[in-house]
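Visitor: One structure, as structure tokens, below. Some questions next.
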Amino acid sequence: DIKGFVFDLDGVITDTSILHGTAWHQLADSLGVAWSEELGNGLKGISRMDSLEMILKAGGKENDYTEAEKEKLAAQKNTNYVAEVDKMTPANILPGMKDFLDSLRANGYQLSLASASKNAPRVLGKLQLADYFPKIVDPASLKKGKPDPEIYTKGAELLNLPPEQCIGVEDAAAGVAAINAAGEVSLGIGDATELGAADMVFADTSLVTLANIEKKLG
Ligand code: BG6
Ligand code: MG
């Protein structure tokens, strides 16, 4: 029986995945690295420094910067990203997600957050959803980011639930891989081809309801 939900944030609860993408695209342009949709999708769910490494690698520039320079580039991206986050309001919650979270609470499911983002508490505050997520995995505590299962394993541990009693909710292929490797049930939101490894896929957030999930669980 499912007793808990472990949530990704960016691209699941709110469309910050677009803001992350725009900020990385800007940085890639400034470094002379060609941007592509494929590169952008591959960055979803990936930590800040790992994302920078992927961008540098895509441009064949992985050996062009010192660690200190890389820290500066990542900080520059984050400054641009945070400026956009600070404009957010509860209107930026993705369609249906507030109702879904309310229905989970009303039905006694436990919730935790498994976002790779160090800005997650700030984003939840802007959305006025902090109350829903007293349990947040600290991404700074992780040895490895998604697709490694660690973040989803910790998300279930925070709920004191075995992984098979948890549904992990993701928009990124790397995140679905992490959920599966953690032994949780994976719910993907987005393109069914991109998220083909998920146990169930919904095309968009408005379709993610307890009734629809129960149908898919059979
Ligand atoms: C993930 C996003 O949730 O968090 C990534 O999908 C982002 O795009 C990552 O790079 C890290 O976020 P932050 O806010 O710590 O730079
Ligand atoms: Mg995401």
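Residues in the structure tokens are named by chain (A, B, ... in the order shown) and by number from 1 within that chain; ligands are numbered from 1 in the order shown.
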Neighbouring residues of ligand 2 are defined here as those with any atom at most 8 Å from a ligand atom, counting only C-alpha atoms and all ligand atoms; list them as JSON, numbers by chain.

Guide: {"A": [8, 9, 10, 11, 12, 17, 44, 45, 115, 170, 171, 172, 175]}

Visitor: Could you write out that same residue set with C-alpha atoms as a compact mmCIF listing (two decimals), in the first residue's frame?

Guide:
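Generated output (part-v6.txt):
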# COMPACT_ATOMS: atom_id res chain seq x y z
CA ASP A 8 10.61 16.64 -7.04
CA LEU A 9 10.00 20.41 -7.18
CA ASP A 10 11.28 22.05 -10.35
CA GLY A 11 9.02 21.10 -13.26
CA VAL A 12 6.63 19.17 -11.00
CA SER A 17 12.56 24.13 -14.87
CA LYS A 44 16.75 18.64 -15.71
CA GLY A 45 17.19 17.28 -12.19
CA SER A 115 14.75 18.31 -5.08
CA GLU A 170 9.32 13.55 -11.35
CA ASP A 171 9.53 15.47 -14.63
CA ALA A 172 13.10 14.41 -15.47
CA GLY A 175 14.84 11.63 -11.56

Visitor: Run DSSP on the backbone and tell me which residues of region 42-117 of chain A come out as strand (DSSP E); list them as a ChimeraX atom specification.

Guide: /A:110-113

Visitor: Please produce a file of the residues just selected, as a PDB file, in the first residue's frame, where the atoms kept are C-alpha atoms.

Guide:
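Saved the output as again-v9.pdb:
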ATOM      1  CA  GLN A 110       2.920  11.739   4.032  1.00  0.00           C
ATOM      2  CA  LEU A 111       4.969  14.108   1.882  1.00  0.00           C
ATOM      3  CA  SER A 112       8.656  14.822   1.504  1.00  0.00           C
ATOM      4  CA  LEU A 113      10.710  16.792  -0.982  1.00  0.00           C
TER       5      LEU A 113
END

Visitor: DSSP on the backbone: which residues in region 34-177 of chain A end up as alpha helix (DSSP H)? Give the answer as a ChimeraX atom specification.

Guide: /A:37-42,48-58,67-85,97-106,120-127,150-158,173-177

Visitor: Give me the residues within 12 Å of region 31-35 of chain A as a PyMOL selection string, counting only C-alpha atoms and dropping any in the same chain fewer than 3 places off.

Guide: chain A and resi 21-28+38-43+52-62+64-65+70+73+77

Visitor: What's around Pro147 (chain A) at 8 Å? Count only C-alpha atoms, leave out sequence neighbours fewer than 5 positions away in its own chain, and write the answer as a PyMOL selection string.

Guide: chain A and resi 174-178

Visitor: Need the shell around Leu127 (chain A): protein/DNA/RNA residues with any atom at most 10 Å away, counting only C-alpha atoms. Skip same-chain ones fewer than 5 positions apart. Format as a list in words?

Guide: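 Residues near the query, excluding close chain neighbours: Ile13, Thr14, Val85, Met88, Thr89, Pro90, Ala91, Asn92, Ile93, Lys98, Pro121 and Arg122 of chain A.
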
Visitor: Any chance you can output those residues with N, CA and C atoms as a tab-separated table (two decimals), in the first residue's frame?

Guide:
chain	number	residue	atom	x	y	z
A	13	ILE	N	6.05	20.80	-9.32
A	13	ILE	CA	5.13	21.62	-8.52
A	13	ILE	C	5.02	23.01	-9.15
A	14	THR	N	6.10	23.45	-9.78
A	14	THR	CA	6.11	24.78	-10.39
A	14	THR	C	7.06	24.77	-11.58
A	85	VAL	N	13.15	33.80	-9.48
A	85	VAL	CA	12.39	33.13	-8.41
A	85	VAL	C	11.71	34.17	-7.52
A	88	MET	N	8.24	35.21	-8.22
A	88	MET	CA	7.17	34.20	-8.23
A	88	MET	C	6.14	34.42	-7.14
A	89	THR	N	4.94	33.91	-7.40
A	89	THR	CA	3.82	33.97	-6.45
A	89	THR	C	3.11	32.61	-6.50
A	90	PRO	N	2.09	32.39	-5.63
A	90	PRO	CA	1.35	31.13	-5.72
A	90	PRO	C	0.72	30.89	-7.10
A	91	ALA	N	0.58	31.94	-7.91
A	91	ALA	CA	0.05	31.75	-9.27
A	91	ALA	C	0.99	30.92	-10.13
A	92	ASN	N	2.24	30.76	-9.68
A	92	ASN	CA	3.20	29.95	-10.44
A	92	ASN	C	3.17	28.46	-10.11
A	93	ILE	N	2.22	28.06	-9.24
A	93	ILE	CA	2.04	26.62	-9.01
A	93	ILE	C	1.44	26.02	-10.28
A	98	LYS	N	-1.82	22.26	-6.49
A	98	LYS	CA	-2.26	22.65	-5.14
A	98	LYS	C	-3.38	21.70	-4.70
A	121	PRO	N	13.77	25.60	-0.62
A	121	PRO	CA	12.99	26.27	0.44
A	121	PRO	C	12.54	27.67	0.03
A	122	ARG	N	13.38	28.38	-0.71
A	122	ARG	CA	13.02	29.72	-1.18
A	122	ARG	C	11.83	29.65	-2.15

Visitor: Could you pull the residues within 12 Å of Ala211 (chain A), counting only C-alpha atoms, minus those fewer than 4 positions along the same chain, as a PyMOL selection string?

Guide: chain A and resi 100+103-104+107+207+215-218

Visitor: Excluding Val201 (chain A) and its own-chain neighbours fewer than 6 positions away, which residues fall within 9 Å of it when counting only C-alpha atoms? Please give them as a VMD selection string.

Guide: chain A and resid 186 to 192 195

Visitor: Output N, CA and C atoms for every residue in that selection, as a CSV table (one decimal), in the first residue's frame.

Guide:
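Written file, selection_15.csv:
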chain,number,residue,atom,x,y,z
A,186,SER,N,7.5,4.9,-9.6
A,186,SER,CA,7.8,6.2,-10.3
A,186,SER,C,6.7,6.7,-11.1
A,187,LEU,N,6.4,8.0,-10.8
A,187,LEU,CA,5.3,8.7,-11.5
A,187,LEU,C,6.0,9.8,-12.3
A,188,GLY,N,6.0,9.8,-13.6
A,188,GLY,CA,6.6,10.8,-14.5
A,188,GLY,C,5.5,11.7,-15.0
A,189,ILE,N,5.9,13.0,-15.1
A,189,ILE,CA,5.0,14.0,-15.7
A,189,ILE,C,5.7,14.6,-16.9
A,190,GLY,N,5.1,14.4,-18.1
A,190,GLY,CA,5.7,15.0,-19.3
A,190,GLY,C,5.6,14.0,-20.4
A,191,ASP,N,6.7,14.0,-21.2
A,191,ASP,CA,6.7,13.3,-22.5
A,191,ASP,C,6.9,11.8,-22.2
A,192,ALA,N,6.0,10.9,-22.7
A,192,ALA,CA,6.0,9.5,-22.4
A,192,ALA,C,7.3,8.8,-23.0
A,195,LEU,N,10.2,9.8,-20.7
A,195,LEU,CA,10.1,9.3,-19.3
A,195,LEU,C,9.6,7.8,-19.4
